[in-house]
$ cat query-v1.csv   # CSV, N, CA and C atoms and all ligand atoms
chain,number,residue,atom,x,y,z
A,1,MET,N,76.9,18.6,-36.3
A,1,MET,CA,77.7,17.5,-35.8
A,1,MET,C,79.2,17.7,-36.1
A,2,SER,N,79.5,18.4,-37.2
A,2,SER,CA,80.9,18.5,-37.6
A,2,SER,C,81.6,19.6,-36.9
A,3,ARG,N,80.9,20.4,-36.2
A,3,ARG,CA,81.6,21.5,-35.5
A,3,ARG,C,81.4,21.4,-34.0
A,4,ILE,N,82.3,21.9,-33.3
A,4,ILE,CA,82.3,21.7,-31.9
A,4,ILE,C,81.5,22.7,-31.2
A,5,HIS,N,81.6,23.9,-31.5
A,5,HIS,CA,80.8,24.9,-30.8
A,5,HIS,C,79.9,25.7,-31.7
A,6,GLY,N,79.6,25.2,-32.8
A,6,GLY,CA,78.6,25.8,-33.7
A,6,GLY,C,79.2,26.9,-34.6
A,7,SER,N,80.5,27.1,-34.5
A,7,SER,CA,81.0,28.1,-35.4
A,7,SER,C,81.6,27.4,-36.6
A,8,ASP,N,81.7,28.1,-37.7
A,8,ASP,CA,82.2,27.5,-38.9
A,8,ASP,C,83.7,27.3,-38.8
A,9,THR,N,84.2,26.1,-39.3
A,9,THR,CA,85.6,25.9,-39.3
A,9,THR,C,86.1,26.5,-40.6
A,10,SER,N,87.4,26.7,-40.7
A,10,SER,CA,88.0,27.4,-41.9
A,10,SER,C,87.8,26.5,-43.1
A,11,LEU,N,87.8,25.2,-42.9
A,11,LEU,CA,87.6,24.3,-44.0
A,11,LEU,C,86.2,24.4,-44.6
A,12,GLU,N,85.3,24.6,-43.7
A,12,GLU,CA,83.9,24.8,-44.2
A,12,GLU,C,83.8,26.0,-45.0
A,13,ILE,N,84.4,27.1,-44.5
A,13,ILE,CA,84.4,28.4,-45.2
A,13,ILE,C,85.1,28.2,-46.6
A,14,GLU,N,86.2,27.5,-46.6
A,14,GLU,CA,86.8,27.3,-47.9
A,14,GLU,C,86.0,26.5,-48.9
A,15,VAL,N,85.3,25.5,-48.4
A,15,VAL,CA,84.4,24.7,-49.3
A,15,VAL,C,83.3,25.6,-49.8
A,16,ARG,N,82.7,26.4,-48.9
A,16,ARG,CA,81.6,27.3,-49.4
A,16,ARG,C,82.1,28.3,-50.4
A,17,LYS,N,83.3,28.8,-50.2
A,17,LYS,CA,83.8,29.8,-51.1
A,17,LYS,C,84.0,29.1,-52.5
A,18,TYR,N,84.6,27.9,-52.5
A,18,TYR,CA,84.8,27.2,-53.7
A,18,TYR,C,83.5,27.1,-54.5
A,19,LEU,N,82.5,26.6,-53.8
A,19,LEU,CA,81.2,26.4,-54.5
A,19,LEU,C,80.6,27.7,-55.0
A,20,TYR,N,80.7,28.7,-54.1
A,20,TYR,CA,80.1,30.0,-54.5
A,20,TYR,C,80.7,30.6,-55.7
A,21,HIS,N,82.0,30.5,-55.8
A,21,HIS,CA,82.7,31.1,-56.9
A,21,HIS,C,82.4,30.3,-58.2
A,22,ARG,N,82.0,29.1,-58.1
A,22,ARG,CA,81.6,28.3,-59.3
A,22,ARG,C,80.1,28.4,-59.6
A,23,GLY,N,79.4,29.3,-58.9
A,23,GLY,CA,78.0,29.5,-59.2
A,23,GLY,C,77.0,28.6,-58.5
A,24,TYR,N,77.5,27.9,-57.5
A,24,TYR,CA,76.6,27.1,-56.7
A,24,TYR,C,76.0,27.9,-55.6
A,25,ARG,N,74.7,27.8,-55.5
A,25,ARG,CA,74.0,28.6,-54.4
A,25,ARG,C,73.5,27.6,-53.4
A,26,TYR,N,73.7,28.0,-52.1
A,26,TYR,CA,73.4,27.0,-51.1
A,26,TYR,C,72.9,27.8,-49.8
A,27,ARG,N,72.4,27.0,-48.9
A,27,ARG,CA,72.1,27.5,-47.6
A,27,ARG,C,73.0,26.7,-46.6
A,28,LYS,N,73.3,27.3,-45.5
A,28,LYS,CA,74.2,26.6,-44.6
A,28,LYS,C,73.5,26.3,-43.2
A,29,ASN,N,74.0,25.2,-42.6
A,29,ASN,CA,73.5,24.8,-41.3
A,29,ASN,C,71.9,24.9,-41.2
A,30,GLN,N,71.3,24.2,-42.1
A,30,GLN,CA,69.8,24.2,-42.1
A,30,GLN,C,69.3,23.4,-40.9
A,31,LYS,N,68.8,24.1,-39.9
A,31,LYS,CA,68.5,23.5,-38.7
A,31,LYS,C,67.3,22.5,-38.7
A,32,THR,N,66.5,22.7,-39.8
A,32,THR,CA,65.3,21.9,-39.9
A,32,THR,C,65.5,20.5,-40.5
A,33,LEU,N,66.7,20.3,-41.0
A,33,LEU,CA,67.0,19.0,-41.6
A,33,LEU,C,67.8,18.2,-40.6
A,34,PRO,N,67.6,16.8,-40.7
A,34,PRO,CA,68.4,15.9,-39.8
A,34,PRO,C,69.9,16.2,-39.9
A,35,GLY,N,70.5,16.3,-38.7
A,35,GLY,CA,71.9,16.4,-38.7
A,35,GLY,C,72.4,17.8,-39.0
A,36,LYS,N,71.5,18.8,-39.3
A,36,LYS,CA,71.9,20.1,-39.6
A,36,LYS,C,73.1,20.1,-40.7
A,37,PRO,N,72.8,19.7,-41.9
A,37,PRO,CA,73.9,19.7,-42.9
A,37,PRO,C,74.6,21.0,-43.0
A,38,ASP,N,75.9,20.9,-43.2
A,38,ASP,CA,76.7,22.2,-43.3
A,38,ASP,C,76.3,23.0,-44.6
A,39,ILE,N,76.0,22.3,-45.6
A,39,ILE,CA,75.6,22.9,-46.9
A,39,ILE,C,74.4,22.2,-47.5
A,40,VAL,N,73.4,23.0,-47.9
A,40,VAL,CA,72.3,22.5,-48.6
A,40,VAL,C,72.1,23.1,-50.0
A,41,LEU,N,72.2,22.3,-51.0
A,41,LEU,CA,72.0,22.8,-52.4
A,41,LEU,C,70.7,22.3,-52.9
A,42,LYS,N,69.7,23.2,-52.7
A,42,LYS,CA,68.3,22.9,-53.0
A,42,LYS,C,68.1,22.4,-54.5
A,43,LYS,N,68.7,23.1,-55.4
A,43,LYS,CA,68.6,22.8,-56.8
A,43,LYS,C,69.1,21.4,-57.1
A,44,TYR,N,70.0,20.9,-56.4
A,44,TYR,CA,70.6,19.6,-56.6
A,44,TYR,C,70.0,18.6,-55.7
A,45,ARG,N,69.1,19.0,-54.8
A,45,ARG,CA,68.5,18.1,-53.8
A,45,ARG,C,69.7,17.4,-53.1
A,46,THR,N,70.7,18.2,-52.7
A,46,THR,CA,71.9,17.6,-52.1
A,46,THR,C,72.2,18.3,-50.8
A,47,VAL,N,72.6,17.5,-49.8
A,47,VAL,CA,73.2,18.1,-48.6
A,47,VAL,C,74.6,17.6,-48.5
A,48,ILE,N,75.4,18.5,-47.9
A,48,ILE,CA,76.8,18.2,-47.7
A,48,ILE,C,77.2,18.3,-46.3
A,49,PHE,N,77.9,17.2,-45.8
A,49,PHE,CA,78.5,17.3,-44.5
A,49,PHE,C,80.0,17.4,-44.6
A,50,ILE,N,80.5,18.4,-43.9
A,50,ILE,CA,82.0,18.4,-43.9
A,50,ILE,C,82.4,17.9,-42.5
A,51,ASN,N,83.0,16.7,-42.5
A,51,ASN,CA,83.2,16.0,-41.3
A,51,ASN,C,84.7,16.1,-40.8
A,52,GLY,N,84.8,16.5,-39.6
A,52,GLY,CA,86.1,16.4,-38.9
A,52,GLY,C,86.4,14.9,-38.6
A,53,CYS,N,87.6,14.5,-39.0
A,53,CYS,CA,88.0,13.1,-38.9
A,53,CYS,C,88.0,12.6,-37.5
A,54,PHE,N,88.4,13.5,-36.6
A,54,PHE,CA,88.5,13.0,-35.2
A,54,PHE,C,87.1,12.8,-34.6
A,55,TRP,N,86.2,13.8,-34.7
A,55,TRP,CA,84.9,13.7,-34.1
A,55,TRP,C,84.0,12.7,-34.8
A,56,HIS,N,84.1,12.5,-36.1
A,56,HIS,CA,83.3,11.6,-36.8
A,56,HIS,C,84.0,10.2,-37.0
A,57,HIS,N,85.1,10.1,-36.4
A,57,HIS,CA,85.9,8.9,-36.4
A,57,HIS,C,86.0,8.2,-37.8
A,58,HIS,N,86.6,9.0,-38.7
A,58,HIS,CA,86.8,8.5,-40.0
A,58,HIS,C,87.6,7.2,-40.0
A,59,ASN,N,87.0,6.2,-40.7
A,59,ASN,CA,87.5,4.9,-40.8
A,59,ASN,C,89.0,4.9,-41.4
A,60,ASN,N,89.9,4.2,-40.8
A,60,ASN,CA,91.3,4.1,-41.3
A,60,ASN,C,91.9,5.4,-41.6
A,61,CYS,N,91.7,6.4,-40.7
A,61,CYS,CA,92.3,7.7,-41.0
A,61,CYS,C,93.2,8.0,-39.8
A,62,LYS,N,94.3,8.6,-40.1
A,62,LYS,CA,95.3,8.9,-39.1
A,62,LYS,C,94.8,10.0,-38.1
A,63,TYR,N,93.9,10.8,-38.5
A,63,TYR,CA,93.3,11.8,-37.6
A,63,TYR,C,92.3,11.3,-36.7
A,64,ALA,N,91.8,10.1,-37.0
A,64,ALA,CA,90.7,9.5,-36.1
A,64,ALA,C,91.3,8.6,-35.0
A,65,TYR,N,92.2,9.2,-34.3
A,65,TYR,CA,92.9,8.4,-33.2
A,65,TYR,C,91.9,8.4,-32.0
A,66,ILE,N,92.2,7.4,-31.1
A,66,ILE,CA,91.5,7.4,-29.8
A,66,ILE,C,92.4,7.9,-28.7
A,67,PRO,N,92.0,9.0,-28.0
A,67,PRO,CA,92.9,9.5,-27.0
A,67,PRO,C,93.2,8.4,-25.9
A,68,LYS,N,94.4,8.5,-25.3
A,68,LYS,CA,94.9,7.4,-24.5
A,68,LYS,C,94.3,7.4,-23.1
A,69,THR,N,93.6,8.5,-22.7
A,69,THR,CA,92.9,8.4,-21.4
A,69,THR,C,91.4,8.4,-21.7
A,70,ASN,N,90.7,7.9,-20.7
A,70,ASN,CA,89.2,7.8,-20.9
A,70,ASN,C,88.8,7.1,-22.1
A,71,ILE,N,89.4,6.0,-22.4
A,71,ILE,CA,89.2,5.2,-23.6
A,71,ILE,C,87.7,4.8,-23.8
A,72,ASP,N,87.1,4.4,-22.7
A,72,ASP,CA,85.7,4.0,-22.8
A,72,ASP,C,84.8,5.2,-23.2
A,73,PHE,N,85.1,6.3,-22.5
A,73,PHE,CA,84.3,7.6,-22.9
A,73,PHE,C,84.4,7.9,-24.4
A,74,TRP,N,85.6,7.8,-24.9
A,74,TRP,CA,85.8,8.2,-26.3
A,74,TRP,C,85.2,7.2,-27.2
A,75,ASN,N,85.4,5.9,-26.9
A,75,ASN,CA,84.8,4.9,-27.7
A,75,ASN,C,83.3,5.0,-27.8
A,76,ASN,N,82.7,5.3,-26.7
A,76,ASN,CA,81.3,5.5,-26.6
A,76,ASN,C,80.9,6.7,-27.4
A,77,LYS,N,81.6,7.8,-27.2
A,77,LYS,CA,81.3,9.0,-27.9
A,77,LYS,C,81.4,8.9,-29.4
A,78,PHE,N,82.5,8.2,-29.9
A,78,PHE,CA,82.6,8.0,-31.3
A,78,PHE,C,81.5,7.1,-31.9
A,79,SER,N,81.2,6.0,-31.1
A,79,SER,CA,80.2,5.2,-31.7
A,79,SER,C,78.8,5.9,-31.8
A,80,LYS,N,78.6,6.8,-30.8
A,80,LYS,CA,77.3,7.6,-30.9
A,80,LYS,C,77.4,8.5,-32.1
A,81,ASN,N,78.5,9.2,-32.3
A,81,ASN,CA,78.6,10.1,-33.4
A,81,ASN,C,78.4,9.3,-34.8
A,82,ILE,N,79.0,8.2,-34.9
A,82,ILE,CA,78.9,7.4,-36.1
A,82,ILE,C,77.5,7.0,-36.3
A,83,ALA,N,76.8,6.5,-35.3
A,83,ALA,CA,75.4,6.0,-35.4
A,83,ALA,C,74.5,7.2,-35.8
A,84,ASN,N,74.8,8.4,-35.2
A,84,ASN,CA,74.0,9.6,-35.5
A,84,ASN,C,74.2,10.0,-37.0
A,85,ASP,N,75.4,9.9,-37.4
A,85,ASP,CA,75.7,10.3,-38.8
A,85,ASP,C,74.9,9.4,-39.8
A,86,LYS,N,75.0,8.1,-39.5
A,86,LYS,CA,74.3,7.1,-40.3
A,86,LYS,C,72.8,7.3,-40.3
A,87,LYS,N,72.2,7.6,-39.1
A,87,LYS,CA,70.8,7.8,-39.0
A,87,LYS,C,70.4,9.1,-39.8
A,88,HIS,N,71.1,10.1,-39.7
A,88,HIS,CA,70.8,11.4,-40.4
A,88,HIS,C,70.9,11.2,-41.9
A,89,ALA,N,71.9,10.5,-42.3
A,89,ALA,CA,72.0,10.2,-43.8
A,89,ALA,C,70.8,9.4,-44.3
A,90,ARG,N,70.4,8.4,-43.5
A,90,ARG,CA,69.2,7.6,-43.9
A,90,ARG,C,68.0,8.5,-44.0
A,91,GLN,N,67.8,9.3,-43.0
A,91,GLN,CA,66.6,10.1,-42.9
A,91,GLN,C,66.6,11.1,-44.1
A,92,LEU,N,67.7,11.7,-44.4
A,92,LEU,CA,67.8,12.6,-45.5
A,92,LEU,C,67.6,11.9,-46.9
A,93,ARG,N,68.1,10.7,-47.0
A,93,ARG,CA,67.9,10.0,-48.3
A,93,ARG,C,66.4,9.7,-48.5
A,94,LYS,N,65.8,9.4,-47.4
A,94,LYS,CA,64.3,9.1,-47.4
A,94,LYS,C,63.5,10.3,-47.9
A,95,MET,N,64.1,11.5,-47.5
A,95,MET,CA,63.4,12.8,-47.9
A,95,MET,C,63.8,13.2,-49.3
A,96,GLY,N,64.6,12.3,-50.0
A,96,GLY,CA,64.9,12.6,-51.4
A,96,GLY,C,66.2,13.3,-51.6
A,97,TYR,N,67.0,13.5,-50.6
A,97,TYR,CA,68.3,14.2,-50.8
A,97,TYR,C,69.4,13.2,-51.1
A,98,HIS,N,70.3,13.7,-51.9
A,98,HIS,CA,71.6,13.1,-52.1
A,98,HIS,C,72.4,13.6,-50.9
A,99,VAL,N,73.2,12.6,-50.3
A,99,VAL,CA,74.0,13.0,-49.1
A,99,VAL,C,75.5,12.8,-49.4
A,100,LEU,N,76.2,13.9,-49.4
A,100,LEU,CA,77.6,13.9,-49.6
A,100,LEU,C,78.4,14.2,-48.4
A,101,THR,N,79.4,13.4,-48.1
A,101,THR,CA,80.3,13.6,-47.0
A,101,THR,C,81.7,14.0,-47.5
A,102,ILE,N,82.1,15.1,-47.0
A,102,ILE,CA,83.5,15.5,-47.3
A,102,ILE,C,84.3,15.4,-46.1
A,103,TRP,N,85.4,14.6,-46.2
A,103,TRP,CA,86.3,14.4,-45.0
A,103,TRP,C,87.4,15.5,-44.9
A,104,GLU,N,87.6,15.9,-43.7
A,104,GLU,CA,88.7,16.9,-43.4
A,104,GLU,C,90.0,16.5,-44.0
A,105,CYS,N,90.4,15.2,-43.9
A,105,CYS,CA,91.7,14.8,-44.3
A,105,CYS,C,91.9,14.9,-45.8
A,106,ARG,N,90.8,14.6,-46.6
A,106,ARG,CA,90.8,14.7,-48.0
A,106,ARG,C,91.0,16.1,-48.5
A,107,LEU,N,90.4,17.0,-47.8
A,107,LEU,CA,90.5,18.5,-48.1
A,107,LEU,C,91.9,18.9,-47.8
A,108,LYS,N,92.5,18.4,-46.7
A,108,LYS,CA,93.8,18.8,-46.3
A,108,LYS,C,94.9,18.3,-47.3
A,109,LYS,N,94.6,17.1,-47.8
A,109,LYS,CA,95.6,16.4,-48.7
A,109,LYS,C,95.6,17.1,-50.0
A,110,ASP,N,94.4,17.2,-50.6
A,110,ASP,CA,94.3,17.8,-52.0
A,110,ASP,C,92.9,18.4,-52.1
A,111,PHE,N,92.8,19.7,-51.7
A,111,PHE,CA,91.5,20.4,-51.7
A,111,PHE,C,90.8,20.4,-53.0
A,112,ASN,N,91.6,20.8,-54.0
A,112,ASN,CA,90.9,20.9,-55.4
A,112,ASN,C,90.4,19.6,-55.9
A,113,LYS,N,91.2,18.5,-55.6
A,113,LYS,CA,90.8,17.2,-56.1
A,113,LYS,C,89.5,16.8,-55.5
A,114,GLU,N,89.4,17.0,-54.2
A,114,GLU,CA,88.2,16.6,-53.4
A,114,GLU,C,87.0,17.4,-53.9
A,115,MET,N,87.2,18.7,-54.1
A,115,MET,CA,86.1,19.5,-54.6
A,115,MET,C,85.7,19.2,-56.0
A,116,LYS,N,86.6,18.8,-56.8
A,116,LYS,CA,86.3,18.4,-58.2
A,116,LYS,C,85.4,17.2,-58.1
A,117,ARG,N,85.7,16.2,-57.2
A,117,ARG,CA,84.9,15.0,-57.0
A,117,ARG,C,83.5,15.5,-56.7
A,118,VAL,N,83.4,16.4,-55.8
A,118,VAL,CA,82.0,16.9,-55.3
A,118,VAL,C,81.2,17.5,-56.4
A,119,THR,N,81.9,18.5,-57.1
A,119,THR,CA,81.1,19.2,-58.2
A,119,THR,C,80.8,18.2,-59.3
A,120,LYS,N,81.6,17.2,-59.6
A,120,LYS,CA,81.3,16.3,-60.6
A,120,LYS,C,80.0,15.5,-60.2
A,121,LEU,N,79.9,15.1,-58.9
A,121,LEU,CA,78.7,14.4,-58.5
A,121,LEU,C,77.5,15.3,-58.5
A,122,LEU,N,77.7,16.6,-58.2
A,122,LEU,CA,76.6,17.5,-58.2
A,122,LEU,C,76.0,17.6,-59.6
A,123,LYS,N,76.9,17.8,-60.6
A,123,LYS,CA,76.5,17.9,-62.0
A,123,LYS,C,75.7,16.6,-62.4
A,124,SER,N,76.1,15.5,-61.9
A,124,SER,CA,75.5,14.2,-62.3
A,124,SER,C,74.1,14.1,-61.7
A,125,TYR,N,73.8,14.9,-60.7
A,125,TYR,CA,72.5,14.8,-60.0
A,125,TYR,C,71.4,15.6,-60.8
A,126,ILE,N,71.7,16.5,-61.7
A,126,ILE,CA,70.7,17.2,-62.3
A,126,ILE,C,70.5,16.9,-63.8
A,127,LYS,N,71.0,15.8,-64.2
A,127,LYS,CA,70.9,15.4,-65.6
A,127,LYS,C,69.4,15.2,-66.0
A,201,ZN,ZN,90.1,11.3,-42.4
$ encode --input "query-v1.csv" --output "structure tokens"
Amino acid sequence: MSRIHGSDTSLEIEVRKYLYHRGYRYRKNQKTLPGKPDIVLKKYRTVIFINGCFWHHHNNCKYAYIPKTNIDFWNNKFSKNIANDKKHARQLRKMGYHVLTIWECRLKKDFNKEMKRVTKLLKSYIK
């Protein structure tokens, strides 16, 4: 859901690199899981979604604007995406996964800070 044509965005690649260099091992785009999470960390029972603010309509975010033409189409599209994201997160939690969402704008603003937040959470999951 976070990518438009199925290819990795550069932010996704950066996030994976960051985790890999710190010893985290993961699988990517696991198609058998709801929503095809961008990153799956089995050891931590955690899935990570790296969400583009526009497509996933990040609440109160400047990147989550609504285009000025075809407003109904976009509103419809965004509410579908939001509903799907919620549904997938619910399904994953039921399966026993922690679900982490990383927003594009947070990575753009302060990549290291956002990634520290993520790794801190990961560590807290295997206590
Ligand atoms: Zn955002």
$ residues_near_ligand --input "query-v1.csv" --ligand "ligand ZN 201 (chain A)" --cutoff "5 Å" --atoms "all atoms listed in the file" --output "JSON, numbers by chain"
{"A": [53, 58, 61, 105]}
$ closest_residue --input "query-v1.csv" --among "A:Thr32, A:Ser124, A:Gln91, A:Thr101" --to "Phe49 of chain A" --atoms "all atoms listed in the file"
A:Thr101
$ atom_distance --input "query-v1.csv" --atom1 "atom CA of Lys80 of chain A" --atom2 "atom CA of Tyr26 of chain A"
28.3 Å
$ atom_distance --input "query-v1.csv" --atom1 "atom C of Gly96 of chain A" --atom2 "atom C of Arg45 of chain A"
5.6 Å
$ atom_distance --input "query-v1.csv" --atom1 "atom CA of Ile48 of chain A" --atom2 "atom CA of Val15 of chain A"
10.1 Å
$ select_by_dssp --input "query-v1.csv" --residues "segment 16-121 of chain A" --states "strand (DSSP E)" --output "VMD selection string"
chain A and resid 27 to 28 39 to 41 46 to 51 98 to 103
$ select_by_dssp --input "query-v1.csv" --residues "chain A" --states "alpha helix (DSSP H)" --output "PyMOL selection string"
chain A and resi 10-21+71-94+104-125
$ decode --input "query-v1.csv" --residues "segment 42-71 of chain A" --atoms "N, CA and C atoms" --output "JSON list (two decimals), in the first residue's frame"
[["chain", "number", "residue", "atom", "x", "y", "z"],
["A", 42, "LYS", "N", 10.76, -10.90, 12.24],
["A", 42, "LYS", "CA", 10.18, -12.08, 12.86],
["A", 42, "LYS", "C", 10.52, -12.19, 14.35],
["A", 43, "LYS", "N", 11.79, -11.99, 14.64],
["A", 43, "LYS", "CA", 12.27, -12.13, 16.01],
["A", 43, "LYS", "C", 11.50, -11.21, 16.96],
["A", 44, "TYR", "N", 11.09, -10.08, 16.46],
["A", 44, "TYR", "CA", 10.40, -9.08, 17.29],
["A", 44, "TYR", "C", 8.88, -9.15, 17.13],
["A", 45, "ARG", "N", 8.42, -10.12, 16.33],
["A", 45, "ARG", "CA", 6.99, -10.22, 16.02],
["A", 45, "ARG", "C", 6.44, -8.85, 15.62],
["A", 46, "THR", "N", 7.19, -8.18, 14.77],
["A", 46, "THR", "CA", 6.83, -6.81, 14.40],
["A", 46, "THR", "C", 6.80, -6.63, 12.89],
["A", 47, "VAL", "N", 5.81, -5.90, 12.44],
["A", 47, "VAL", "CA", 5.78, -5.49, 11.04],
["A", 47, "VAL", "C", 5.86, -3.97, 10.99],
["A", 48, "ILE", "N", 6.51, -3.48, 9.95],
["A", 48, "ILE", "CA", 6.64, -2.04, 9.78],
["A", 48, "ILE", "C", 6.06, -1.62, 8.43],
["A", 49, "PHE", "N", 5.24, -0.59, 8.49],
["A", 49, "PHE", "CA", 4.76, 0.03, 7.27],
["A", 49, "PHE", "C", 5.42, 1.39, 7.13],
["A", 50, "ILE", "N", 6.00, 1.63, 5.98],
["A", 50, "ILE", "CA", 6.55, 2.96, 5.71],
["A", 50, "ILE", "C", 5.55, 3.66, 4.81],
["A", 51, "ASN", "N", 4.85, 4.61, 5.38],
["A", 51, "ASN", "CA", 3.71, 5.19, 4.68],
["A", 51, "ASN", "C", 4.02, 6.53, 4.03],
["A", 52, "GLY", "N", 3.69, 6.62, 2.76],
["A", 52, "GLY", "CA", 3.74, 7.91, 2.09],
["A", 52, "GLY", "C", 2.57, 8.75, 2.59],
["A", 53, "CYS", "N", 2.87, 9.99, 2.99],
["A", 53, "CYS", "CA", 1.84, 10.83, 3.62],
["A", 53, "CYS", "C", 0.69, 11.14, 2.67],
["A", 54, "PHE", "N", 1.00, 11.29, 1.40],
["A", 54, "PHE", "CA", -0.05, 11.61, 0.43],
["A", 54, "PHE", "C", -1.02, 10.44, 0.26],
["A", 55, "TRP", "N", -0.50, 9.29, -0.05],
["A", 55, "TRP", "CA", -1.36, 8.14, -0.35],
["A", 55, "TRP", "C", -2.11, 7.64, 0.87],
["A", 56, "HIS", "N", -1.49, 7.74, 2.01],
["A", 56, "HIS", "CA", -2.13, 7.21, 3.22],
["A", 56, "HIS", "C", -2.81, 8.30, 4.02],
["A", 57, "HIS", "N", -2.82, 9.46, 3.43],
["A", 57, "HIS", "CA", -3.50, 10.62, 3.98],
["A", 57, "HIS", "C", -3.22, 10.85, 5.47],
["A", 58, "HIS", "N", -1.96, 11.07, 5.75],
["A", 58, "HIS", "CA", -1.49, 11.33, 7.12],
["A", 58, "HIS", "C", -2.25, 12.52, 7.72],
["A", 59, "ASN", "N", -2.83, 12.26, 8.87],
["A", 59, "ASN", "CA", -3.63, 13.27, 9.56],
["A", 59, "ASN", "C", -2.82, 14.53, 9.90],
["A", 60, "ASN", "N", -3.36, 15.69, 9.59],
["A", 60, "ASN", "CA", -2.70, 16.96, 9.91],
["A", 60, "ASN", "C", -1.28, 17.09, 9.36],
["A", 61, "CYS", "N", -1.08, 16.58, 8.17],
["A", 61, "CYS", "CA", 0.26, 16.62, 7.60],
["A", 61, "CYS", "C", 0.23, 17.44, 6.31],
["A", 62, "LYS", "N", 1.26, 18.25, 6.13],
["A", 62, "LYS", "CA", 1.25, 19.14, 4.96],
["A", 62, "LYS", "C", 1.38, 18.38, 3.64],
["A", 63, "TYR", "N", 1.90, 17.16, 3.69],
["A", 63, "TYR", "CA", 2.03, 16.37, 2.46],
["A", 63, "TYR", "C", 0.73, 15.67, 2.09],
["A", 64, "ALA", "N", -0.20, 15.66, 3.02],
["A", 64, "ALA", "CA", -1.46, 14.94, 2.80],
["A", 64, "ALA", "C", -2.53, 15.89, 2.27],
["A", 65, "TYR", "N", -2.20, 16.61, 1.23],
["A", 65, "TYR", "CA", -3.17, 17.55, 0.66],
["A", 65, "TYR", "C", -4.14, 16.80, -0.24],
["A", 66, "ILE", "N", -5.26, 17.45, -0.54],
["A", 66, "ILE", "CA", -6.20, 16.87, -1.50],
["A", 66, "ILE", "C", -6.10, 17.66, -2.81],
["A", 67, "PRO", "N", -5.80, 16.97, -3.89],
["A", 67, "PRO", "CA", -5.68, 17.67, -5.18],
["A", 67, "PRO", "C", -6.94, 18.47, -5.50],
["A", 68, "LYS", "N", -6.79, 19.56, -6.22],
["A", 68, "LYS", "CA", -7.91, 20.49, -6.40],
["A", 68, "LYS", "C", -8.91, 20.04, -7.44],
["A", 69, "THR", "N", -8.51, 19.09, -8.29],
["A", 69, "THR", "CA", -9.48, 18.55, -9.25],
["A", 69, "THR", "C", -9.86, 17.13, -8.83],
["A", 70, "ASN", "N", -11.03, 16.70, -9.27],
["A", 70, "ASN", "CA", -11.54, 15.37, -8.92],
["A", 70, "ASN", "C", -11.57, 15.13, -7.41],
["A", 71, "ILE", "N", -12.06, 16.12, -6.71],
["A", 71, "ILE", "CA", -12.04, 16.05, -5.25],
["A", 71, "ILE", "C", -12.76, 14.80, -4.71]]
